[in-house]
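Chemist: Here it is, the structure in full.
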Amino acid sequence: MKEKIIPEEFKEWVSEKWGTAKLPIGGTVPYHSSFGFKTGDWSALKPIIDHTTCTGCMDCFYYCPDSAIEIVEIEGKRKAVADFDYCKGCSLCAKHCKFDAILMKEMKE
Amino acid sequence: MIYEAIIMGMTGDEAVAWAAKQVNPDVVPAYPITPQTIIVERFSDYVNDGLVDTAFVPVESEHSAMSASVGASATGARVFTATASAGLALMNEILYVASGLRLPIVLAVANRALSAPINIHAECTDQLVTRDASWISLFGETAQEAYDETIMAFKIGEHPDVMLPVMYGIEGFIVTHALERVDTLPDEAIRNFLPPKREISHVLDPSEAKTFGSLVLQDYYMEIKRQQEEAMERAYHVTKEVMAEYSEISGRKYEILEEYHLDDAEYAFVTYGATAGNAKAVVDLLRAKGEKVGALKIRMFRPFPGNDIYEALKGKKAVAILDRSATFGSPGTIVQNDLASALYMKQGAPSLHGFINGLGGRVLMHEEKEQIYDQVKQYHADGKTHTQEWVGYRS
């Protein structure tokens with residue numbers, strides 16, 4: 001029975017899939033930022049962003065419910081980039097894109 | 001060291017309240033329900049009179065009582081509450097939360113029949129049906145046991161190897177409202193027996209933030225539940241240890257089972273709670289007639305001490321289980337089912353005959369118990385290994 005879990009150990013716990021001997025009791029988990037919970041593998045779809053048509057308008061950035069869109073500078077221009085560690089494939093970004101720059105594709109493709 | 005007893009005259013409920021006062025828990029959220037009411041009333045007197053340091057929370061229902069108990073216990077507080085019958089049924093959802101979060105809450109139950117028809121008298125169904133809630137579950141026969149088990153319950157549940165909630169039952173009116181002699185311990189004895197603060201391995205503490213009650217799905221749920229089972233297995237040993245330790249300070253012998261004239265017995269009554277006293281009296285009557293009969297009282301229902309019961313009953317011909325609880329469409333009485341499971345295919349196990357009796361506070365007279373004894377002897381002669389029937393009702 002483990003009494004105290006520090007965030008570093010928590011990462012081990014998740015990656016090693018701890019069992020009854022190591023897990024803290026009562027399903028009690030240490031405080032952990034949601035950055036630690038990668039939800040990218042939940043999705044069935046992923047956004048493919050065409051940077052030739054993307055204007056960096058940031059609509060997708062604001063609409064994304066998982067804050068999984070980053071705006072980065074590519075060759076001096078702002079472009080949207082999806083973070084597949086957290087993207088759940090909800091397709092809102094593609095729906096809202098005014099320039100049809102985002103296409104949803106099946107993860108398996 | 002045996003402390004000199006302070007002799008008091010108390011009902012079962014008063015004995016529970018007095019023990020709780022001496023334990024001085026941090027938080028008591030409670031809602032009154034007959035026949036547990038006196039526990040809450042007396043304890044609120046102690047709060048009002050400044051005899052305890054407890055935060056008393058008069059809640060609006062038993063669901064809230066157990067919810068507040070969970071919240072308080074999660075902060076590391078020592079928590080006590082009490083209920084009965086419908087109150088325990090209303091708590092049911094949160095019973096699983098308390099044990100799942102591994103919070104050693106102590107709950108006194110004044111065993112009472114469940115509605116409908118509404119009835120306020122003794123029956124143990126209310127507590128027995130919580131058997132799968134991962135609570136340690138004890139029964140007491142007398143006001144003395146009610147007092148003693150209150151104190152032991154904290155020590156058992158809070159043990160770092162256990163960390164499970166504990167409930168213990170005394171039968172409504174028969175024990176809760178009957179005035180008896182109770183040998184109490186001095187406060188000093190309880191302070192020495194029970195640590196002043198409970199074990200706090202996992203608590204809500206702002207300096208070390210944690211999440212309680214998070215969503216746990218397919219990948220971890222089963223491990224968390226298995227931990228509860230392992231704690232329950234350890235609770236078996238811890239309960240034995242705590243009872244032995246308590247026997248040393250009180251001079252009263254406590255064990256998970258109590259045997260009465262079992263050694264040379266061919267037949268036995270198996271009981272729990274207040275019925276045990278009557279069974280022992282009937283054993284005396286039958287022994288006077290030359291019958292080889294004994295009685296076994298089950299003090300601990302969860303974890304169920306199957307092997308100990310087997311050792312106690314091995315070699316007996318047949319057993320009558322006097323079960324003051326109702327179950328419908330079941331192959332045995334509630335306790336009989338566990339007993340059958342524990343003894344199945346074991347060498348020298350007696351045949352098991354369950355008798356549902358005493359529902360809603362009905363009294364089972366000694367003569368009726370003697371008839372049960374004769375019936376069980378007959379069943380044995382007829383080669384029957386397992387029967388279940390109702391006794392003491394008009395057809």
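For the structure tokens, the naming scheme is as follows: chains receive sequential letters (A, B, ...) according to their order of presentation, residues are indexed from 1 within each chain, and ligands are indexed from 1 in presentation order.
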Determine, for each residue of chain B having at least one atom at most 12 Å from an atom of chain A, the closest pair of atoms and their separation in Å to one decimal, counting only C-alpha atoms; order by chain and ascending number, as CSV.
Modeler:
residue,atom,partner,partner_atom,distance
B:Ala74,CA,A:Thr28,CA,10.4
B:Tyr96,CA,A:Gly26,CA,11.2
B:Val97,CA,A:Gly26,CA,9.3
B:Ala98,CA,A:Gly26,CA,9.3
B:Ser99,CA,A:Gly26,CA,8.0
B:Gly100,CA,A:Gly26,CA,5.5
B:Leu101,CA,A:Gly26,CA,4.0
B:Arg102,CA,A:Gly26,CA,5.2
B:Leu103,CA,A:Gly26,CA,8.4
B:Pro104,CA,A:Gly26,CA,11.5
B:Pro160,CA,A:Met1,CA,9.2
B:Asp161,CA,A:Met1,CA,8.2
B:Val162,CA,A:Met1,CA,10.2
B:Met163,CA,A:Ile25,CA,8.9
B:Leu164,CA,A:Gly26,CA,9.9
B:Glu199,CA,A:Glu3,CA,11.2
B:Ile200,CA,A:Glu3,CA,9.3
B:Ser201,CA,A:Glu3,CA,5.6
B:His202,CA,A:Glu3,CA,6.6
B:Val203,CA,A:Thr28,CA,8.9
B:Leu204,CA,A:Thr28,CA,9.7
B:Asp205,CA,A:Pro30,CA,10.8
B:Pro206,CA,A:Tyr31,CA,10.2
B:Ser207,CA,A:Tyr31,CA,10.7
B:Glu208,CA,A:Pro30,CA,7.9
B:Ala209,CA,A:Tyr31,CA,5.2
B:Lys210,CA,A:Pro30,CA,4.3
B:Thr211,CA,A:Val29,CA,5.2
B:Phe212,CA,A:Thr28,CA,5.0
B:Gly213,CA,A:Gly27,CA,6.8
B:Ser214,CA,A:Gly27,CA,7.1
B:Leu215,CA,A:Gly27,CA,8.6
B:Val216,CA,A:Gly27,CA,7.3
B:Leu217,CA,A:Gly27,CA,10.7
B:Gln218,CA,A:Lys17,CA,11.9
B:Asp219,CA,A:Lys17,CA,8.1
B:Tyr220,CA,A:Gly19,CA,8.1
B:Tyr221,CA,A:Gly27,CA,8.1
B:Met222,CA,A:Thr20,CA,9.0
B:Glu223,CA,A:Thr20,CA,5.2
B:Ile224,CA,A:Gly27,CA,6.1
B:Lys225,CA,A:Gly26,CA,8.5
B:Arg226,CA,A:Thr20,CA,6.9
B:Gln227,CA,A:Thr20,CA,5.8
B:Gln228,CA,A:Gly26,CA,8.3
B:Glu229,CA,A:Thr20,CA,10.5
B:Glu230,CA,A:Thr20,CA,9.0
B:Ala231,CA,A:Met1,CA,9.7
Chemist: Write out, as a short mmCIF file (atom, residue, chain, number, x, y, z; two decimals), in the first residue's frame, the residues just selected, with N, CA and C atoms.
Modeler:
data_model
loop_
_atom_site.label_atom_id
_atom_site.label_comp_id
_atom_site.auth_asym_id
_atom_site.auth_seq_id
_atom_site.Cartn_x
_atom_site.Cartn_y
_atom_site.Cartn_z
N ALA B 74 -12.57 12.33 4.88
CA ALA B 74 -11.55 12.57 3.85
C ALA B 74 -10.57 13.66 4.26
N TYR B 96 -20.89 2.61 -0.18
CA TYR B 96 -19.88 2.14 -1.13
C TYR B 96 -18.82 3.21 -1.38
N VAL B 97 -19.22 4.49 -1.28
CA VAL B 97 -18.25 5.58 -1.46
C VAL B 97 -17.28 5.59 -0.27
N ALA B 98 -17.84 5.42 0.93
CA ALA B 98 -17.00 5.44 2.14
C ALA B 98 -15.95 4.34 2.08
N SER B 99 -16.36 3.13 1.69
CA SER B 99 -15.39 2.03 1.66
C SER B 99 -14.48 2.15 0.44
N GLY B 100 -15.02 2.61 -0.68
CA GLY B 100 -14.22 2.76 -1.90
C GLY B 100 -13.13 3.79 -1.73
N LEU B 101 -13.43 4.85 -0.98
CA LEU B 101 -12.41 5.88 -0.71
C LEU B 101 -11.54 5.52 0.49
N ARG B 102 -11.87 4.37 1.10
CA ARG B 102 -11.08 3.82 2.21
C ARG B 102 -11.06 4.78 3.41
N LEU B 103 -12.27 5.16 3.83
CA LEU B 103 -12.42 6.08 4.95
C LEU B 103 -12.97 5.33 6.16
N PRO B 104 -12.21 5.29 7.26
CA PRO B 104 -12.59 4.44 8.41
C PRO B 104 -13.67 5.06 9.30
N PRO B 160 -3.72 0.96 9.83
CA PRO B 160 -3.17 1.27 8.50
C PRO B 160 -3.27 0.13 7.50
N ASP B 161 -3.34 -1.11 7.95
CA ASP B 161 -3.49 -2.23 7.02
C ASP B 161 -4.94 -2.42 6.59
N VAL B 162 -5.85 -1.72 7.23
CA VAL B 162 -7.27 -1.92 6.94
C VAL B 162 -7.86 -0.71 6.22
N MET B 163 -7.99 0.41 6.92
CA MET B 163 -8.58 1.63 6.36
C MET B 163 -9.90 1.34 5.63
N LEU B 164 -10.80 0.73 6.39
CA LEU B 164 -12.14 0.48 5.88
C LEU B 164 -13.14 0.94 6.93
N GLU B 199 -5.21 7.38 11.85
CA GLU B 199 -4.24 7.17 10.77
C GLU B 199 -4.66 8.01 9.56
N ILE B 200 -3.75 8.83 9.05
CA ILE B 200 -4.13 9.67 7.91
C ILE B 200 -3.16 9.46 6.75
N SER B 201 -3.30 8.32 6.09
CA SER B 201 -2.40 8.02 4.98
C SER B 201 -2.80 8.79 3.73
N HIS B 202 -4.07 9.03 3.55
CA HIS B 202 -4.51 9.76 2.36
C HIS B 202 -5.64 10.69 2.76
N VAL B 203 -5.35 11.99 2.80
CA VAL B 203 -6.37 12.95 3.22
C VAL B 203 -6.33 14.18 2.33
N LEU B 204 -7.43 14.91 2.35
CA LEU B 204 -7.49 16.19 1.65
C LEU B 204 -6.65 17.18 2.45
N ASP B 205 -5.54 17.61 1.88
CA ASP B 205 -4.64 18.50 2.58
C ASP B 205 -4.15 19.54 1.57
N PRO B 206 -4.48 20.82 1.77
CA PRO B 206 -4.12 21.83 0.77
C PRO B 206 -2.61 21.89 0.49
N SER B 207 -1.80 21.52 1.48
CA SER B 207 -0.36 21.61 1.26
C SER B 207 0.14 20.45 0.38
N GLU B 208 -0.71 19.44 0.23
CA GLU B 208 -0.32 18.33 -0.64
C GLU B 208 -1.56 17.89 -1.40
N ALA B 209 -1.86 18.62 -2.46
CA ALA B 209 -3.16 18.47 -3.12
C ALA B 209 -3.36 17.08 -3.70
N LYS B 210 -4.57 16.60 -3.56
CA LYS B 210 -4.94 15.28 -4.10
C LYS B 210 -6.34 15.35 -4.66
N THR B 211 -6.65 14.40 -5.52
CA THR B 211 -8.01 14.26 -6.02
C THR B 211 -8.64 13.02 -5.38
N PHE B 212 -9.79 13.20 -4.75
CA PHE B 212 -10.57 12.09 -4.20
C PHE B 212 -11.76 11.84 -5.12
N GLY B 213 -12.06 10.60 -5.32
CA GLY B 213 -13.28 10.27 -6.06
C GLY B 213 -13.20 10.58 -7.53
N SER B 214 -12.01 10.41 -8.12
CA SER B 214 -11.89 10.68 -9.55
C SER B 214 -12.47 9.51 -10.35
N LEU B 215 -12.68 9.77 -11.63
CA LEU B 215 -13.23 8.74 -12.52
C LEU B 215 -12.17 7.67 -12.75
N VAL B 216 -12.51 6.43 -12.47
CA VAL B 216 -11.56 5.33 -12.68
C VAL B 216 -12.26 4.30 -13.56
N LEU B 217 -11.74 4.11 -14.77
CA LEU B 217 -12.44 3.26 -15.73
C LEU B 217 -11.82 1.87 -15.84
N GLN B 218 -11.98 1.26 -17.00
CA GLN B 218 -11.58 -0.14 -17.15
C GLN B 218 -10.13 -0.41 -16.75
N ASP B 219 -9.27 0.57 -16.95
CA ASP B 219 -7.84 0.30 -16.76
C ASP B 219 -7.38 0.28 -15.30
N TYR B 220 -8.16 0.85 -14.37
CA TYR B 220 -7.72 0.82 -12.97
C TYR B 220 -8.80 0.39 -11.97
N TYR B 221 -10.08 0.43 -12.35
CA TYR B 221 -11.17 0.17 -11.39
C TYR B 221 -10.98 -1.15 -10.65
N MET B 222 -10.64 -2.18 -11.39
CA MET B 222 -10.57 -3.51 -10.78
C MET B 222 -9.43 -3.60 -9.75
N GLU B 223 -8.34 -2.89 -10.01
CA GLU B 223 -7.23 -2.88 -9.04
C GLU B 223 -7.67 -2.21 -7.73
N ILE B 224 -8.43 -1.11 -7.85
CA ILE B 224 -8.87 -0.39 -6.64
C ILE B 224 -9.82 -1.28 -5.83
N LYS B 225 -10.71 -1.99 -6.54
CA LYS B 225 -11.65 -2.88 -5.84
C LYS B 225 -10.91 -4.06 -5.21
N ARG B 226 -9.91 -4.58 -5.92
CA ARG B 226 -9.14 -5.70 -5.39
C ARG B 226 -8.38 -5.27 -4.12
N GLN B 227 -7.93 -4.02 -4.09
CA GLN B 227 -7.28 -3.52 -2.88
C GLN B 227 -8.24 -3.59 -1.68
N GLN B 228 -9.52 -3.32 -1.94
CA GLN B 228 -10.51 -3.40 -0.85
C GLN B 228 -10.62 -4.82 -0.33
N GLU B 229 -10.61 -5.79 -1.26
CA GLU B 229 -10.70 -7.19 -0.83
C GLU B 229 -9.46 -7.57 -0.01
N GLU B 230 -8.30 -7.11 -0.45
CA GLU B 230 -7.07 -7.43 0.30
C GLU B 230 -7.12 -6.79 1.69
N ALA B 231 -7.67 -5.58 1.76
CA ALA B 231 -7.82 -4.91 3.07
C ALA B 231 -8.79 -5.70 3.95
#
Chemist: Contacts of stretch 112-121 of chain B at 10 Å or less, counting only C-alpha atoms, minus same-chain residues fewer than 5 places along, as a list of chain:residue names?
Modeler: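 Once the adjacent positions are removed, what remains is B:Ile33, B:Thr34, B:Pro35, B:Gln36, B:Thr83, B:Ala84, B:Ser85, B:Ala86, B:Gly87, B:Leu88, B:Ala89, B:Asp126, B:Gln127, B:Gly169, B:Ile170, B:Glu171, B:Gly172, B:Phe173, B:Ile174, B:Arg324, B:Ser325, B:Ala326, B:Gly358, B:Leu359, B:Gly360, B:Gly361, B:Arg362.
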Chemist: Which parts of stretch 42-105 of chain A does DSSP call strand (DSSP E) when run on the backbone here, written out as a count of residues only?
Modeler: 21
Chemist: Where does DSSP see alpha helix (DSSP H) in stretch 343-382 of chain B, if you list the residues as a PyMOL selection string?
Modeler: chain B and resi 343+366-381
Chemist: So, counting only C-alpha atoms, which residue among A:Cys60, A:Ala82, A:Val72, A:Cys87 is closest to A:Ile48?
Modeler: A:Ala82
Chemist: So that I can check the surroundings of A:Leu103, please list as a ChimeraX atom specification every protein, DNA and RNA residue that reaches within 9 Å of it, counting only C-alpha atoms and ignoring chain neighbours fewer than 2 positions away.
Modeler: /A:46-50,91,94,100-101,105
Chemist: Please produce a file of those selected residues containing C-alpha atoms, as a CSV table (one decimal), in the first residue's frame.
Modeler:
chain,number,residue,atom,x,y,z
A,46,LYS,CA,-7.5,13.9,-36.9
A,47,PRO,CA,-7.3,17.3,-38.5
A,48,ILE,CA,-5.0,17.8,-41.5
A,49,ILE,CA,-4.2,21.6,-41.8
A,50,ASP,CA,-3.3,22.8,-45.2
A,91,SER,CA,-13.9,18.3,-36.0
A,94,ALA,CA,-12.7,22.0,-39.6
A,100,ASP,CA,-11.6,25.2,-45.8
A,101,ALA,CA,-8.0,24.7,-44.8
A,105,LYS,CA,-9.0,12.2,-41.8
Chemist: Between B:Val79, B:Val363, B:Ile309, B:Ile38, which one has atoms that come closest to B:Ser341, using only C-alpha atoms?
Modeler: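 Closest to B:Ser341, using only C-alpha atoms: B:Ile309.
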Chemist: For B:Val47, work out the shell of residues within 10 Å, counting only C-alpha atoms and skipping chain neighbours fewer than 6 positions away, then give it as a PDB file with N, CA and C atoms, in the first residue's frame.
Modeler:
ATOM      1  N   LYS B  21     -18.748   9.206  23.315  1.00  0.00           N
ATOM      2  CA  LYS B  21     -18.315  10.387  24.071  1.00  0.00           C
ATOM      3  C   LYS B  21     -16.879  10.198  24.553  1.00  0.00           C
ATOM      4  N   ASN B  24     -14.516  10.567  21.791  1.00  0.00           N
ATOM      5  CA  ASN B  24     -14.444  11.985  21.432  1.00  0.00           C
ATOM      6  C   ASN B  24     -14.086  12.184  19.951  1.00  0.00           C
ATOM      7  N   VAL B  28     -19.405  14.254  14.078  1.00  0.00           N
ATOM      8  CA  VAL B  28     -20.539  13.317  14.116  1.00  0.00           C
ATOM      9  C   VAL B  28     -21.690  13.928  13.316  1.00  0.00           C
ATOM     10  N   GLU B  41     -29.506  11.570  20.451  1.00  0.00           N
ATOM     11  CA  GLU B  41     -29.949  12.505  21.506  1.00  0.00           C
ATOM     12  C   GLU B  41     -28.890  12.652  22.597  1.00  0.00           C
ATOM     13  N   ASP B  53     -15.299  17.387  22.076  1.00  0.00           N
ATOM     14  CA  ASP B  53     -14.810  18.445  21.183  1.00  0.00           C
ATOM     15  C   ASP B  53     -15.386  18.294  19.783  1.00  0.00           C
ATOM     16  N   THR B  54     -16.403  17.477  19.669  1.00  0.00           N
ATOM     17  CA  THR B  54     -16.930  17.065  18.370  1.00  0.00           C
ATOM     18  C   THR B  54     -17.710  18.176  17.672  1.00  0.00           C
ATOM     19  N   ALA B  55     -17.515  18.246  16.343  1.00  0.00           N
ATOM     20  CA  ALA B  55     -18.397  19.066  15.511  1.00  0.00           C
ATOM     21  C   ALA B  55     -19.604  18.204  15.186  1.00  0.00           C
ATOM     22  N   PHE B  56     -20.760  18.566  15.737  1.00  0.00           N
ATOM     23  CA  PHE B  56     -21.979  17.781  15.524  1.00  0.00           C
ATOM     24  C   PHE B  56     -22.759  18.402  14.377  1.00  0.00           C
TER      25      PHE B  56
END
Chemist: Hey, what's within 10 Å of A:Cys54 if we count only C-alpha atoms and toss same-chain stuff fewer than 5 positions away? As a PDB file with C-alpha atoms, in the first residue's frame, please?
Modeler:
ATOM      1  CA  ILE A  49      -4.244  21.550 -41.818  1.00  0.00           C
ATOM      2  CA  LYS A  77       3.576  33.745 -41.288  1.00  0.00           C
ATOM      3  CA  ARG A  78       1.165  32.599 -38.566  1.00  0.00           C
ATOM      4  CA  LYS A  79      -0.185  29.096 -39.142  1.00  0.00           C
ATOM      5  CA  ALA A  80      -2.382  26.727 -37.141  1.00  0.00           C
ATOM      6  CA  VAL A  81      -0.884  23.410 -35.955  1.00  0.00           C
ATOM      7  CA  CYS A  97     -12.485  27.172 -40.746  1.00  0.00           C
ATOM      8  CA  LYS A  98     -13.547  29.963 -43.166  1.00  0.00           C
ATOM      9  CA  PHE A  99     -10.890  28.955 -45.683  1.00  0.00           C
ATOM     10  CA  ASP A 100     -11.561  25.197 -45.806  1.00  0.00           C
ATOM     11  CA  ALA A 101      -7.960  24.684 -44.781  1.00  0.00           C
ATOM     12  CA  ILE A 102      -8.733  21.853 -42.357  1.00  0.00           C
TER      13      ILE A 102
END
Chemist: From the set A:Leu45, A:Trp13, A:Tyr86, A:Cys57, which residue has the shortest atom-to-atom contact distance to A:Met104, counting only C-alpha atoms?
Modeler: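 Looking only at the distances to A:Met104, the closest residue turns out to be A:Leu45.
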